[in-house]
file structure-v3.cif (mmCIF, C-alpha atoms)
data_structure
#
loop_
_atom_site.group_PDB
_atom_site.id
_atom_site.type_symbol
_atom_site.label_atom_id
_atom_site.label_comp_id
_atom_site.auth_asym_id
_atom_site.auth_seq_id
_atom_site.Cartn_x
_atom_site.Cartn_y
_atom_site.Cartn_z
ATOM 1 C CA MET A 1 -33.035 33.734 23.485
ATOM 2 C CA GLY A 2 -33.288 34.476 19.780
ATOM 3 C CA LYS A 3 -30.735 33.782 17.131
ATOM 4 C CA LEU A 4 -27.314 34.462 18.562
ATOM 5 C CA ILE A 5 -24.417 33.806 16.234
ATOM 6 C CA ASN A 6 -20.702 33.672 16.926
ATOM 7 C CA THR A 7 -19.121 37.093 16.659
ATOM 8 C CA THR A 8 -15.805 38.872 17.085
ATOM 9 C CA ILE A 9 -15.318 42.424 18.301
ATOM 10 C CA LYS A 10 -11.906 43.913 17.455
ATOM 11 C CA GLY A 11 -10.417 47.292 18.163
ATOM 12 C CA SER A 12 -7.410 49.288 19.199
ATOM 13 C CA LEU A 13 -6.852 50.171 22.840
ATOM 14 C CA SER A 14 -7.986 53.710 22.069
ATOM 15 C CA GLU A 15 -11.217 52.469 20.441
ATOM 16 C CA TRP A 16 -12.037 50.221 23.410
ATOM 17 C CA GLU A 17 -11.347 53.055 25.864
ATOM 18 C CA ALA A 18 -13.522 55.449 23.862
ATOM 19 C CA ARG A 19 -16.355 52.917 23.821
ATOM 20 C CA PHE A 20 -16.265 52.197 27.554
ATOM 21 C CA LEU A 21 -14.826 55.337 29.172
ATOM 22 C CA GLY A 22 -16.099 58.103 26.921
ATOM 23 C CA SER A 23 -14.737 61.624 27.295
ATOM 24 C CA ASP A 24 -14.367 64.198 30.036
ATOM 25 C CA LYS A 25 -16.104 67.601 30.263
ATOM 26 C CA GLU A 26 -13.568 69.185 27.897
ATOM 27 C CA GLY A 27 -14.222 66.502 25.274
ATOM 28 C CA LYS A 28 -10.864 64.747 25.718
ATOM 29 C CA GLN A 29 -10.954 60.966 25.632
ATOM 30 C CA ARG A 30 -10.518 59.323 29.029
ATOM 31 C CA ILE A 31 -7.647 56.863 29.226
ATOM 32 C CA MET A 32 -6.126 54.503 31.774
ATOM 33 C CA PRO A 33 -3.223 52.049 31.772
ATOM 34 C CA ALA A 34 -3.984 48.968 29.658
ATOM 35 C CA GLY A 35 -3.664 46.504 32.551
ATOM 36 C CA VAL A 36 -5.968 48.517 34.777
ATOM 37 C CA PHE A 37 -8.459 48.959 31.924
ATOM 38 C CA LYS A 38 -8.543 45.213 31.293
ATOM 39 C CA ARG A 39 -8.892 44.368 34.996
ATOM 40 C CA ASP A 40 -11.433 47.017 35.981
ATOM 41 C CA VAL A 41 -13.465 47.490 32.813
ATOM 42 C CA LEU A 42 -13.172 44.585 30.385
ATOM 43 C CA LYS A 43 -13.225 41.793 32.966
ATOM 44 C CA ARG A 44 -16.247 43.403 34.645
ATOM 45 C CA ALA A 45 -18.043 43.681 31.299
ATOM 46 C CA GLU A 46 -17.154 40.049 30.590
ATOM 47 C CA GLN A 47 -18.720 38.982 33.918
ATOM 48 C CA GLU A 48 -21.900 40.919 33.176
ATOM 49 C CA LEU A 49 -22.207 39.436 29.680
ATOM 50 C CA GLN A 50 -21.668 35.953 31.121
ATOM 51 C CA SER A 51 -24.476 36.476 33.628
ATOM 52 C CA LEU A 52 -26.840 37.812 30.937
ATOM 53 C CA TYR A 53 -25.984 35.088 28.411
ATOM 54 C CA PRO A 54 -25.058 31.870 30.256
ATOM 55 C CA ASP A 55 -25.012 29.869 27.015
ATOM 56 C CA VAL A 56 -22.060 31.747 25.500
ATOM 57 C CA GLN A 57 -18.322 31.457 25.987
ATOM 58 C CA LEU A 58 -16.219 34.629 25.897
ATOM 59 C CA PHE A 59 -12.574 34.759 24.830
ATOM 60 C CA LEU A 60 -10.737 38.043 25.407
ATOM 61 C CA THR A 61 -7.395 38.297 23.604
ATOM 62 C CA THR A 62 -4.877 41.068 24.220
ATOM 63 C CA LYS A 63 -3.173 42.273 21.031
ATOM 64 C CA LYS A 64 0.422 43.440 21.503
ATOM 65 C CA GLN A 65 3.317 44.907 19.574
ATOM 66 C CA GLY A 66 6.304 43.739 21.569
ATOM 67 C CA VAL A 67 5.327 44.392 25.161
ATOM 68 C CA LYS A 68 2.957 47.285 24.380
ATOM 69 C CA VAL A 69 -0.786 46.588 24.383
ATOM 70 C CA VAL A 70 -2.289 47.923 21.151
ATOM 71 C CA GLY A 71 -5.793 46.461 21.273
ATOM 72 C CA TYR A 72 -8.185 43.722 22.251
ATOM 73 C CA GLU A 73 -10.260 41.101 20.491
ATOM 74 C CA LEU A 74 -13.396 39.622 22.063
ATOM 75 C CA ASP A 75 -14.762 36.394 20.598
ATOM 76 C CA ILE A 76 -18.287 35.448 21.618
ATOM 77 C CA VAL A 77 -19.126 31.813 20.914
ATOM 78 C CA ARG A 78 -22.550 30.304 21.465
ATOM 79 C CA LEU A 79 -22.478 26.940 23.199
ATOM 80 C CA LYS A 80 -24.657 24.481 21.329
ATOM 81 C CA THR A 81 -26.406 22.375 23.911
ATOM 82 C CA HIS A 82 -29.833 20.955 24.419
ATOM 83 C CA LEU A 83 -29.646 21.340 28.182
ATOM 84 C CA LYS A 84 -31.557 24.182 29.772
ATOM 85 C CA LEU A 85 -29.245 26.514 31.685
#

call {"tool": "encode", "arguments": {"input": "structure-v3.cif", "output": "structure tokens"}}
result
Amino acid sequence: MGKLINTTIKGSLSEWEARFLGSDKEGKQRIMPAGVFKRDVLKRAEQELQSLYPDVQLFLTTKKQGVKVVGYELDIVRLKTHLKL
């Protein structure tokens, strides 16, 4: 699998949406409600990463100011095991 190290990906809600949703034909950034974005986009991406890299653990943290979602933090931790998965 190569040398995979523990890593953290941080960003604001807008940065995550830009990364995953891109922009429309007019060049405006696509957006969606934070809960829907997490459910439909981030959880799906998490499932795909888990299937590609079974020896890692993913921790997705929602960053908030009060009740408003302002960003996300994804921690990717390699599981150190000698068992073949």

call {"tool": "closest_atom_pairs", "arguments": {"input": "structure-v3.cif", "of": "segment 35-67 of chain A", "to": "segment 17-30 of chain A", "cutoff": "10 Å", "atoms": "all atoms listed in the file", "output": "Markdown table"}}
result
| residue | atom | partner | partner_atom | distance |
| --- | --- | --- | --- | --- |
| A:Phe37 | CA | A:Glu17 | CA | 7.9 |
| A:Lys38 | CA | A:Glu17 | CA | 9.9 |
| A:Val41 | CA | A:Phe20 | CA | 7.6 |
| A:Leu42 | CA | A:Phe20 | CA | 8.7 |
| A:Ala45 | CA | A:Phe20 | CA | 9.5 |

call {"tool": "residues_near_point", "arguments": {"input": "structure-v3.cif", "point": "(-19.5, 31.3, 24.1)", "cutoff": "6 Å", "atoms": "only C-alpha atoms", "output": "mmCIF file with C-alpha atoms, in the frame of the given file"}}
result
data_model
loop_
_atom_site.group_PDB
_atom_site.id
_atom_site.type_symbol
_atom_site.label_atom_id
_atom_site.label_comp_id
_atom_site.auth_asym_id
_atom_site.auth_seq_id
_atom_site.Cartn_x
_atom_site.Cartn_y
_atom_site.Cartn_z
ATOM 1 C CA VAL A 56 -22.060 31.747 25.500
ATOM 2 C CA GLN A 57 -18.322 31.457 25.987
ATOM 3 C CA LEU A 58 -16.219 34.629 25.897
ATOM 4 C CA ILE A 76 -18.287 35.448 21.618
ATOM 5 C CA VAL A 77 -19.126 31.813 20.914
ATOM 6 C CA ARG A 78 -22.550 30.304 21.465
ATOM 7 C CA LEU A 79 -22.478 26.940 23.199
#

call {"tool": "atom_distance", "arguments": {"input": "structure-v3.cif", "atom1": "atom CA of Gln50 of chain A", "atom2": "atom CA of Val69 of chain A"}}
result
24.4 Å

call {"tool": "atom_distance", "arguments": {"input": "structure-v3.cif", "atom1": "atom CA of Val70 of chain A", "atom2": "atom CA of Trp16 of chain A"}}
result
10.3 Å

call {"tool": "closest_residue", "arguments": {"input": "structure-v3.cif", "among": "A:Arg39, A:Pro33, A:Lys10, A:Tyr53", "to": "Lys68 of chain A", "atoms": "all atoms listed in the file"}}
result
A:Pro33

call {"tool": "resolve_selection", "arguments": {"input": "structure-v3.cif", "expression": "the PyMOL selection byres ((chain A and resi 59) around 6)", "output": "list in words"}}
result
Leu58, Leu60, Leu74 and Asp75 of chain A

call {"tool": "residues_around", "arguments": {"input": "structure-v3.cif", "residues": "Gly11 of chain A", "least_positions_apart": "2", "cutoff": "7 Å", "atoms": "all atoms listed in the file", "output": "PyMOL selection string"}}
result
chain A and resi 9+13+15-16+71-73

call {"tool": "write_last_selection", "arguments": {"input": "structure-v3.cif", "atoms": "C-alpha atoms", "output": "short mmCIF file (atom, residue, chain, number, x, y, z; two decimals), in the frame of the given file"}}
result
data_model
loop_
_atom_site.label_atom_id
_atom_site.label_comp_id
_atom_site.auth_asym_id
_atom_site.auth_seq_id
_atom_site.Cartn_x
_atom_site.Cartn_y
_atom_site.Cartn_z
CA ILE A 9 -15.32 42.42 18.30
CA LEU A 13 -6.85 50.17 22.84
CA GLU A 15 -11.22 52.47 20.44
CA TRP A 16 -12.04 50.22 23.41
CA GLY A 71 -5.79 46.46 21.27
CA TYR A 72 -8.18 43.72 22.25
CA GLU A 73 -10.26 41.10 20.49
#

call {"tool": "axis_aligned_box", "arguments": {"input": "structure-v3.cif", "around": "segment 54-72 of chain A", "padding_each_side": "8 Å", "output": "AutoDock Vina command-line options"}}
result
--center_x -9.4 --center_y 38.9 --center_z 24.9 --size_x 47.4 --size_y 34.1 --size_z 26.7

call {"tool": "decode", "arguments": {"input": "structure-v3.cif", "residues": "segment 42-83 of chain A", "atoms": "N, CA and C atoms", "output": "mmCIF file, in the first residue's frame"}}
result
data_model
loop_
_atom_site.group_PDB
_atom_site.id
_atom_site.type_symbol
_atom_site.label_atom_id
_atom_site.label_comp_id
_atom_site.auth_asym_id
_atom_site.auth_seq_id
_atom_site.Cartn_x
_atom_site.Cartn_y
_atom_site.Cartn_z
ATOM 1 N N LEU A 42 -20.309 13.946 1.923
ATOM 2 C CA LEU A 42 -19.192 13.559 2.778
ATOM 3 C C LEU A 42 -19.283 12.116 3.266
ATOM 4 N N LYS A 43 -20.461 11.677 3.645
ATOM 5 C CA LYS A 43 -20.606 10.287 4.100
ATOM 6 C C LYS A 43 -20.355 9.315 2.947
ATOM 7 N N ARG A 44 -20.786 9.676 1.757
ATOM 8 C CA ARG A 44 -20.532 8.830 0.576
ATOM 9 C C ARG A 44 -19.036 8.766 0.275
ATOM 10 N N ALA A 45 -18.363 9.898 0.345
ATOM 11 C CA ALA A 45 -16.914 9.931 0.125
ATOM 12 C C ALA A 45 -16.195 9.109 1.193
ATOM 13 N N GLU A 46 -16.679 9.197 2.425
ATOM 14 C CA GLU A 46 -16.098 8.427 3.524
ATOM 15 C C GLU A 46 -16.237 6.926 3.254
ATOM 16 N N GLN A 47 -17.381 6.482 2.766
ATOM 17 C CA GLN A 47 -17.596 5.074 2.437
ATOM 18 C C GLN A 47 -16.655 4.612 1.327
ATOM 19 N N GLU A 48 -16.475 5.447 0.317
ATOM 20 C CA GLU A 48 -15.588 5.090 -0.786
ATOM 21 C C GLU A 48 -14.137 5.006 -0.335
ATOM 22 N N LEU A 49 -13.702 5.961 0.493
ATOM 23 C CA LEU A 49 -12.337 5.904 1.027
ATOM 24 C C LEU A 49 -12.132 4.652 1.874
ATOM 25 N N GLN A 50 -13.138 4.309 2.672
ATOM 26 C CA GLN A 50 -13.047 3.123 3.528
ATOM 27 C C GLN A 50 -12.921 1.858 2.694
ATOM 28 N N SER A 51 -13.619 1.799 1.562
ATOM 29 C CA SER A 51 -13.519 0.613 0.714
ATOM 30 C C SER A 51 -12.175 0.553 -0.016
ATOM 31 N N LEU A 52 -11.619 1.714 -0.372
ATOM 32 C CA LEU A 52 -10.316 1.742 -1.040
ATOM 33 C C LEU A 52 -9.160 1.471 -0.080
ATOM 34 N N TYR A 53 -9.302 1.937 1.155
ATOM 35 C CA TYR A 53 -8.238 1.818 2.155
ATOM 36 C C TYR A 53 -8.803 1.171 3.422
ATOM 37 N N PRO A 54 -8.930 -0.155 3.439
ATOM 38 C CA PRO A 54 -9.546 -0.814 4.600
ATOM 39 C C PRO A 54 -8.706 -0.732 5.873
ATOM 40 N N ASP A 55 -7.442 -0.358 5.762
ATOM 41 C CA ASP A 55 -6.590 -0.295 6.947
ATOM 42 C C ASP A 55 -6.484 1.121 7.526
ATOM 43 N N VAL A 56 -7.464 1.961 7.244
ATOM 44 C CA VAL A 56 -7.494 3.301 7.837
ATOM 45 C C VAL A 56 -8.812 3.516 8.562
ATOM 46 N N GLN A 57 -8.768 4.379 9.545
ATOM 47 C CA GLN A 57 -9.970 4.787 10.276
ATOM 48 C C GLN A 57 -10.201 6.260 9.966
ATOM 49 N N LEU A 58 -11.435 6.620 9.661
ATOM 50 C CA LEU A 58 -11.783 7.992 9.310
ATOM 51 C C LEU A 58 -12.639 8.599 10.414
ATOM 52 N N PHE A 59 -12.317 9.836 10.782
ATOM 53 C CA PHE A 59 -13.069 10.564 11.795
ATOM 54 C C PHE A 59 -13.479 11.908 11.201
ATOM 55 N N LEU A 60 -14.770 12.088 10.955
ATOM 56 C CA LEU A 60 -15.279 13.334 10.403
ATOM 57 C C LEU A 60 -15.892 14.149 11.529
ATOM 58 N N THR A 61 -15.369 15.352 11.738
ATOM 59 C CA THR A 61 -15.835 16.236 12.801
ATOM 60 C C THR A 61 -16.483 17.465 12.179
ATOM 61 N N THR A 62 -17.666 17.807 12.659
ATOM 62 C CA THR A 62 -18.360 19.005 12.203
ATOM 63 C C THR A 62 -17.953 20.166 13.095
ATOM 64 N N LYS A 63 -17.474 21.244 12.507
ATOM 65 C CA LYS A 63 -17.080 22.442 13.240
ATOM 66 C C LYS A 63 -18.248 23.425 13.225
ATOM 67 N N LYS A 64 -18.610 23.923 14.412
ATOM 68 C CA LYS A 64 -19.772 24.808 14.530
ATOM 69 C C LYS A 64 -19.430 26.079 15.295
ATOM 70 N N GLN A 65 -20.184 27.118 14.996
ATOM 71 C CA GLN A 65 -20.228 28.337 15.793
ATOM 72 C C GLN A 65 -21.668 28.447 16.257
ATOM 73 N N GLY A 66 -21.901 28.118 17.518
ATOM 74 C CA GLY A 66 -23.276 28.026 18.002
ATOM 75 C C GLY A 66 -23.935 26.821 17.370
ATOM 76 N N VAL A 67 -25.015 27.050 16.649
ATOM 77 C CA VAL A 67 -25.687 25.951 15.960
ATOM 78 C C VAL A 67 -25.370 25.928 14.465
ATOM 79 N N LYS A 68 -24.634 26.923 13.985
ATOM 80 C CA LYS A 68 -24.318 27.031 12.561
ATOM 81 C C LYS A 68 -23.071 26.223 12.221
ATOM 82 N N VAL A 69 -23.165 25.396 11.185
ATOM 83 C CA VAL A 69 -22.016 24.630 10.709
ATOM 84 C C VAL A 69 -21.108 25.567 9.922
ATOM 85 N N VAL A 70 -19.828 25.629 10.319
ATOM 86 C CA VAL A 70 -18.882 26.507 9.641
ATOM 87 C C VAL A 70 -17.786 25.741 8.904
ATOM 88 N N GLY A 71 -17.669 24.436 9.152
ATOM 89 C CA GLY A 71 -16.649 23.667 8.468
ATOM 90 C C GLY A 71 -16.609 22.223 8.925
ATOM 91 N N TYR A 72 -15.649 21.505 8.363
ATOM 92 C CA TYR A 72 -15.462 20.101 8.701
ATOM 93 C C TYR A 72 -13.978 19.814 8.853
ATOM 94 N N GLU A 73 -13.693 18.756 9.594
ATOM 95 C CA GLU A 73 -12.322 18.293 9.770
ATOM 96 C C GLU A 73 -12.346 16.779 9.606
ATOM 97 N N LEU A 74 -11.520 16.263 8.707
ATOM 98 C CA LEU A 74 -11.442 14.830 8.458
ATOM 99 C C LEU A 74 -10.070 14.339 8.891
ATOM 100 N N ASP A 75 -10.056 13.457 9.886
ATOM 101 C CA ASP A 75 -8.814 12.834 10.340
ATOM 102 C C ASP A 75 -8.739 11.440 9.751
ATOM 103 N N ILE A 76 -7.617 11.132 9.124
ATOM 104 C CA ILE A 76 -7.388 9.819 8.539
ATOM 105 C C ILE A 76 -6.244 9.181 9.317
ATOM 106 N N VAL A 77 -6.548 8.062 9.975
ATOM 107 C CA VAL A 77 -5.578 7.412 10.850
ATOM 108 C C VAL A 77 -5.335 5.999 10.347
ATOM 109 N N ARG A 78 -4.080 5.690 10.100
ATOM 110 C CA ARG A 78 -3.721 4.345 9.647
ATOM 111 C C ARG A 78 -3.726 3.391 10.825
ATOM 112 N N LEU A 79 -4.394 2.261 10.655
ATOM 113 C CA LEU A 79 -4.417 1.235 11.690
ATOM 114 C C LEU A 79 -3.147 0.403 11.548
ATOM 115 N N LYS A 80 -2.421 0.293 12.640
ATOM 116 C CA LYS A 80 -1.165 -0.460 12.605
ATOM 117 C C LYS A 80 -1.459 -1.880 13.057
ATOM 118 N N THR A 81 -1.476 -2.765 12.074
ATOM 119 C CA THR A 81 -1.748 -4.170 12.358
ATOM 120 C C THR A 81 -0.898 -5.038 11.461
ATOM 121 N N HIS A 82 -0.652 -6.219 11.908
ATOM 122 C CA HIS A 82 0.127 -7.156 11.099
ATOM 123 C C HIS A 82 -0.781 -8.155 10.390
ATOM 124 N N LEU A 83 -2.076 -8.026 10.607
ATOM 125 C CA LEU A 83 -3.033 -8.895 9.943
ATOM 126 C C LEU A 83 -3.298 -8.402 8.535
#
